[in-house]
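**Student:** Okay, here's the structure, questions in a sec.
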Amino acid sequence: MTTSELWGRAEADRYDGEETEMSSAAVLGPTVDFLAELAGDGRALEFAVGTGRVAVPLRERGVPVAGIEFSEHMAAVLRRKADEQTLPVVIGDMATATVPGEFALVYLVYNTISNLLTQDEQVECFRNAARHLRPGGRFVIELGVPPLRLLPPGQVAVPFDVSAGHLGFDTFDLVEQILVSHHLTRDGEDGRYRRDASRHRYAWPAELDLMARIAGLALERRVADWDGSPFTQDAAKHISVWRKPE
């Protein structure tokens with residue numbers, strides 16, 4: 001059993017409504033362009049496909065897409081957008097679940113590899129991606145760079161969003177490489193806030209490169225965002241592409 005936390009019905013039903021910025025054309029346009037170019041005329045597989053935020057527009061672009069999703073409730077929301085024939089989904093753990101056939105592209109977006117809370121499981125996720133890729137295929141991950149430079153001695157919390165409707169901050173266990181994302185979200189018009197928290201295992205780009213090497217993949221490209229901007233020491237996240245040898 002994976003260590004990933006299972007998203008329930010309530011989280012799934014409100015996910016799209018709370019991720020309007022990530023579902024905007026400004027975000028999805030460059031994302032889909034990037035992925036479609038890598039997929040070419042081949043098939044794509046999304047690990048942790050969720051409600052289909054990326055998979056559905058990628059499929060509409062003409063790329064055949066399949067998905068693996070741990071939460072049946074998240075997959076049920078996706079089903080309101082695309083049927084099984086259009087976008088097949090296997091319910092299971094992205095580190096071990098399999099989908100028939102070979103793929104030109106396997107991808108993980110929006111920090112979802114961090115849902116696997118152990119290094120061993122993250123390594124298995126890379127191995128699972130490699131199993132699904134055809135020779136010459138690519139594995140793509142979008143992941144934040146751990147903001148540890150923002151932690152002064154003795155501090156374990158970093159805010160990432162302070163706005164009228166939401167307060168978000170991460171707390172860090174520097175020994176276990178676990179961060180907990182805390183959210184206080186305004187829930188309704190009566191001034192009440194809903195509190196949520198989720199655990200994640202953060203990893204540096206170099207650690208992911210070693211995981212890729214264990215899986216038989218080699219780094220091909222790393223950029224700071226889907227628009228291809230250069231990855232620098234100040235980048236808040238990275239888009240990394242590893243290639244399976246032909």
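Each chain in the structure tokens gets a letter, A, B and so on, in the order shown; residues start at 1 in every chain, and ligands are counted from 1 in the order they appear.
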Env of Arg194 (chain A): 7 Å cut, atoms = only C-alpha atoms, seq-sep filter 3 positions within chain, self excluded. Answer as a list in words.

**Tutor:**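 My reading of the contact set: Leu184, Thr185, Arg186 and Asp187 of chain A.
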
**Student:** Let's have the selection written as a PDB file, in the first residue's frame, with C-alpha atoms.

**Tutor:**
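New file again_17.pdb:
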```pdb
ATOM      1  CA  LEU A 184      -6.741  27.940   5.962  1.00  0.00           C
ATOM      2  CA  THR A 185      -9.388  28.609   3.316  1.00  0.00           C
ATOM      3  CA  ARG A 186     -12.356  30.972   3.647  1.00  0.00           C
ATOM      4  CA  ASP A 187     -15.385  28.685   3.431  1.00  0.00           C
TER       5      ASP A 187
END
```

**Student:** Excluding Val241 (chain A) and any residue of its chain fewer than 3 positions from it, enumerate the residues within 9 Å of it, using only C-alpha atoms, and give them as an MDAnalysis selection string.

**Tutor:** chainID A and resid 138:141 218:223

**Student:** Keeping only N, CA and C atoms, write the selected residues to a file as a PDB file, in the first residue's frame.

**Tutor:**
```pdb
ATOM      1  N   ARG A 138       9.908   9.708 -23.083  1.00  0.00           N
ATOM      2  CA  ARG A 138      10.303  10.657 -22.035  1.00  0.00           C
ATOM      3  C   ARG A 138       9.418  10.568 -20.800  1.00  0.00           C
ATOM      4  N   PHE A 139      10.049  10.842 -19.661  1.00  0.00           N
ATOM      5  CA  PHE A 139       9.353  10.971 -18.384  1.00  0.00           C
ATOM      6  C   PHE A 139       9.523  12.410 -17.927  1.00  0.00           C
ATOM      7  N   VAL A 140       8.409  13.082 -17.627  1.00  0.00           N
ATOM      8  CA  VAL A 140       8.418  14.497 -17.262  1.00  0.00           C
ATOM      9  C   VAL A 140       7.837  14.677 -15.873  1.00  0.00           C
ATOM     10  N   ILE A 141       8.506  15.482 -15.056  1.00  0.00           N
ATOM     11  CA  ILE A 141       8.020  15.806 -13.713  1.00  0.00           C
ATOM     12  C   ILE A 141       8.055  17.318 -13.521  1.00  0.00           C
ATOM     13  N   ALA A 218      17.896   8.935 -18.492  1.00  0.00           N
ATOM     14  CA  ALA A 218      18.934   9.960 -18.456  1.00  0.00           C
ATOM     15  C   ALA A 218      18.309  11.337 -18.625  1.00  0.00           C
ATOM     16  N   LEU A 219      18.834  12.314 -17.870  1.00  0.00           N
ATOM     17  CA  LEU A 219      18.313  13.676 -17.960  1.00  0.00           C
ATOM     18  C   LEU A 219      18.559  14.235 -19.357  1.00  0.00           C
ATOM     19  N   GLU A 220      17.500  14.752 -19.968  1.00  0.00           N
ATOM     20  CA  GLU A 220      17.590  15.367 -21.288  1.00  0.00           C
ATOM     21  C   GLU A 220      17.478  16.885 -21.212  1.00  0.00           C
ATOM     22  N   ARG A 221      16.640  17.376 -20.279  1.00  0.00           N
ATOM     23  CA  ARG A 221      16.369  18.811 -20.232  1.00  0.00           C
ATOM     24  C   ARG A 221      15.799  19.173 -18.876  1.00  0.00           C
ATOM     25  N   ARG A 222      16.153  20.375 -18.389  1.00  0.00           N
ATOM     26  CA  ARG A 222      15.529  20.902 -17.159  1.00  0.00           C
ATOM     27  C   ARG A 222      15.321  22.392 -17.339  1.00  0.00           C
ATOM     28  N   VAL A 223      14.088  22.840 -17.151  1.00  0.00           N
ATOM     29  CA  VAL A 223      13.743  24.252 -17.285  1.00  0.00           C
ATOM     30  C   VAL A 223      12.979  24.689 -16.043  1.00  0.00           C
TER      31      VAL A 223
END
```

**Student:** Looking at only C-alpha atoms, which of A:Ala224, A:Ala235, A:Ser240, A:Arg59 is the one that sits closest to Tyr107 (chain A)?

**Tutor:**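 Closest to Tyr107 (chain A) of all the choices is A:Ser240.
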
**Student:** Write out as a list of chain:residue names the residues lying within 9 Å of region 45-47 of chain A, counting only C-alpha atoms and excluding same-chain residues fewer than 2 positions away.

**Tutor:** A:Arg43, A:Val49, A:Gly50, A:Val54, A:Ala55, A:Pro64, A:Val65, A:Ala66, A:Gly67, A:Ile68, A:Glu69, A:Asp93, A:Met94, A:Ala95, A:Val99, A:Phe103, A:Ala104, A:Leu105, A:Val106, A:Tyr107, A:Leu108, A:Val109, A:Thr112, A:Ile113, A:Cys125, A:Ala129, A:His132

**Student:** For each of A:Phe70, A:Asp234, A:Ala39, A:Val77, take the minimum atom-to-atom distance to Gly92 (chain A), counting only C-alpha atoms, then give the residue where this is smallest.

**Tutor:**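 Checking each of A:Phe70, A:Asp234, A:Ala39, A:Val77 against Gly92 (chain A), counting only C-alpha atoms, the winner is A:Phe70.
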
**Student:** As a PyMOL selection string, list the residues of region 87-146 of chain A assigned to alpha helix (DSSP H) by DSSP on the backbone atoms of this structure.

**Tutor:** chain A and resi 119-132

**Student:** Please indicate the distance in Å from CA of Leu87 (chain A) to CA of Val56 (chain A), rounded to one decimal place.

**Tutor:**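 These atoms are spaced 7.7 Å apart.
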
**Student:** Would you mind writing down, as a list of chain:residue names, each residue of region 10-125 of chain A that DSSP on the backbone assigns to strand (DSSP E)?

**Tutor:** A:Ala44, A:Leu45, A:Glu46, A:Phe47, A:Val65, A:Ala66, A:Gly67, A:Ile68, A:Glu69, A:Val89, A:Val90, A:Ile91, A:Phe103, A:Ala104, A:Leu105, A:Val106, A:Tyr107, A:Leu108

**Student:** Figure out the distance between CA of Glu19 (chain A) and CA of Gly168 (chain A), please, to one decimal in Å.

**Tutor:** 13.9 Å

**Student:** Which residues, written as a compact mmCIF listing (two decimals) with all heavy atoms, in the first residue's frame, have at least one atom at most 12 Å from Arg149 (chain A), with only C-alpha atoms counted and residues fewer than 3 positions away on the same chain left out?

**Tutor:**
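Listing of part-v9.txt after writing:
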```
# COMPACT_ATOMS: atom_id res chain seq x y z
N VAL A 145 11.10 23.40 -6.06
CA VAL A 145 12.41 23.32 -5.42
C VAL A 145 12.20 23.62 -3.94
O VAL A 145 11.60 24.65 -3.60
CB VAL A 145 13.40 24.33 -6.04
CG1 VAL A 145 14.73 24.30 -5.30
CG2 VAL A 145 13.60 24.03 -7.52
N PRO A 146 12.66 22.77 -3.03
CA PRO A 146 12.43 23.01 -1.61
C PRO A 146 12.95 24.40 -1.20
O PRO A 146 14.12 24.72 -1.43
CB PRO A 146 13.23 21.90 -0.92
CG PRO A 146 13.32 20.81 -1.95
CD PRO A 146 13.39 21.51 -3.27
N PRO A 152 15.35 30.58 8.40
CA PRO A 152 16.44 30.97 9.31
C PRO A 152 16.62 29.91 10.39
O PRO A 152 15.72 29.08 10.60
CB PRO A 152 15.95 32.29 9.90
CG PRO A 152 14.47 32.24 9.80
CD PRO A 152 14.16 31.41 8.58
N PRO A 153 17.76 29.89 11.06
CA PRO A 153 17.98 28.89 12.11
C PRO A 153 16.85 28.86 13.13
O PRO A 153 16.43 29.90 13.64
CB PRO A 153 19.31 29.34 12.74
CG PRO A 153 20.01 30.06 11.65
CD PRO A 153 18.93 30.76 10.88
N GLN A 155 13.73 28.07 12.60
CA GLN A 155 12.39 28.22 12.02
C GLN A 155 12.07 27.03 11.14
O GLN A 155 12.93 26.55 10.40
CB GLN A 155 12.29 29.51 11.19
CG GLN A 155 10.92 29.74 10.57
CD GLN A 155 10.82 31.08 9.88
OE1 GLN A 155 11.24 32.10 10.44
NE2 GLN A 155 10.29 31.09 8.68
N VAL A 156 10.82 26.54 11.21
CA VAL A 156 10.44 25.37 10.42
C VAL A 156 9.24 25.64 9.52
O VAL A 156 8.72 24.73 8.89
CB VAL A 156 10.12 24.16 11.33
CG1 VAL A 156 11.35 23.72 12.09
CG2 VAL A 156 8.96 24.47 12.28
N ALA A 157 8.79 26.91 9.42
CA ALA A 157 7.59 27.23 8.63
C ALA A 157 7.90 28.31 7.60
O ALA A 157 8.64 29.26 7.88
CB ALA A 157 6.45 27.68 9.54
N VAL A 158 7.31 28.14 6.41
CA VAL A 158 7.46 29.12 5.33
C VAL A 158 6.08 29.38 4.72
O VAL A 158 5.44 28.43 4.24
CB VAL A 158 8.42 28.62 4.23
CG1 VAL A 158 8.41 29.57 3.03
CG2 VAL A 158 9.82 28.46 4.76
N GLN A 233 19.54 29.04 -10.08
CA GLN A 233 19.55 28.79 -8.65
C GLN A 233 18.41 29.48 -7.92
O GLN A 233 18.11 29.16 -6.76
CB GLN A 233 20.88 29.25 -8.05
CG GLN A 233 21.13 30.74 -8.14
CD GLN A 233 22.45 31.13 -7.51
OE1 GLN A 233 23.21 30.28 -7.05
NE2 GLN A 233 22.73 32.42 -7.47
N ASP A 234 17.75 30.42 -8.59
CA ASP A 234 16.63 31.13 -7.97
C ASP A 234 15.26 30.58 -8.38
O ASP A 234 14.23 31.11 -7.95
CB ASP A 234 16.69 32.62 -8.33
CG ASP A 234 17.94 33.29 -7.78
OD1 ASP A 234 18.30 32.99 -6.63
OD2 ASP A 234 18.55 34.08 -8.52
N ALA A 236 11.88 28.63 -8.52
CA ALA A 236 11.02 28.09 -7.46
C ALA A 236 10.57 26.67 -7.76
O ALA A 236 10.13 25.95 -6.86
CB ALA A 236 9.80 28.98 -7.27
```

**Student:** As an exercise, work out the distance from CA of Arg195 (chain A) to CA of Leu117 (chain A) in Å and give it to one decimal place.

**Tutor:**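 Straight-line distance from CA of Arg195 (chain A) to CA of Leu117 (chain A) works out to 21.4 Å.
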
**Student:** Report as a ChimeraX atom specification all protein, DNA and RNA residues lying within 8 Å of His182 (chain A), evaluated on only C-alpha atoms, omitting residues in the same chain fewer than 4 positions from it.

**Tutor:** /A:168-171,195-198

**Student:** Taking only C-alpha atoms into account, name the residue in A:Trp242, A:Trp7, A:Phe231, A:Phe126 that is nearest to Met74 (chain A).

**Tutor:**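 Ranked by minimum distance to Met74 (chain A), first place goes to A:Trp7.
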
**Student:** Could you check which of A:Leu116, A:Ala75, A:Val63, A:Leu38 is closest to Val90 (chain A), using only C-alpha atoms?

**Tutor:** A:Ala75
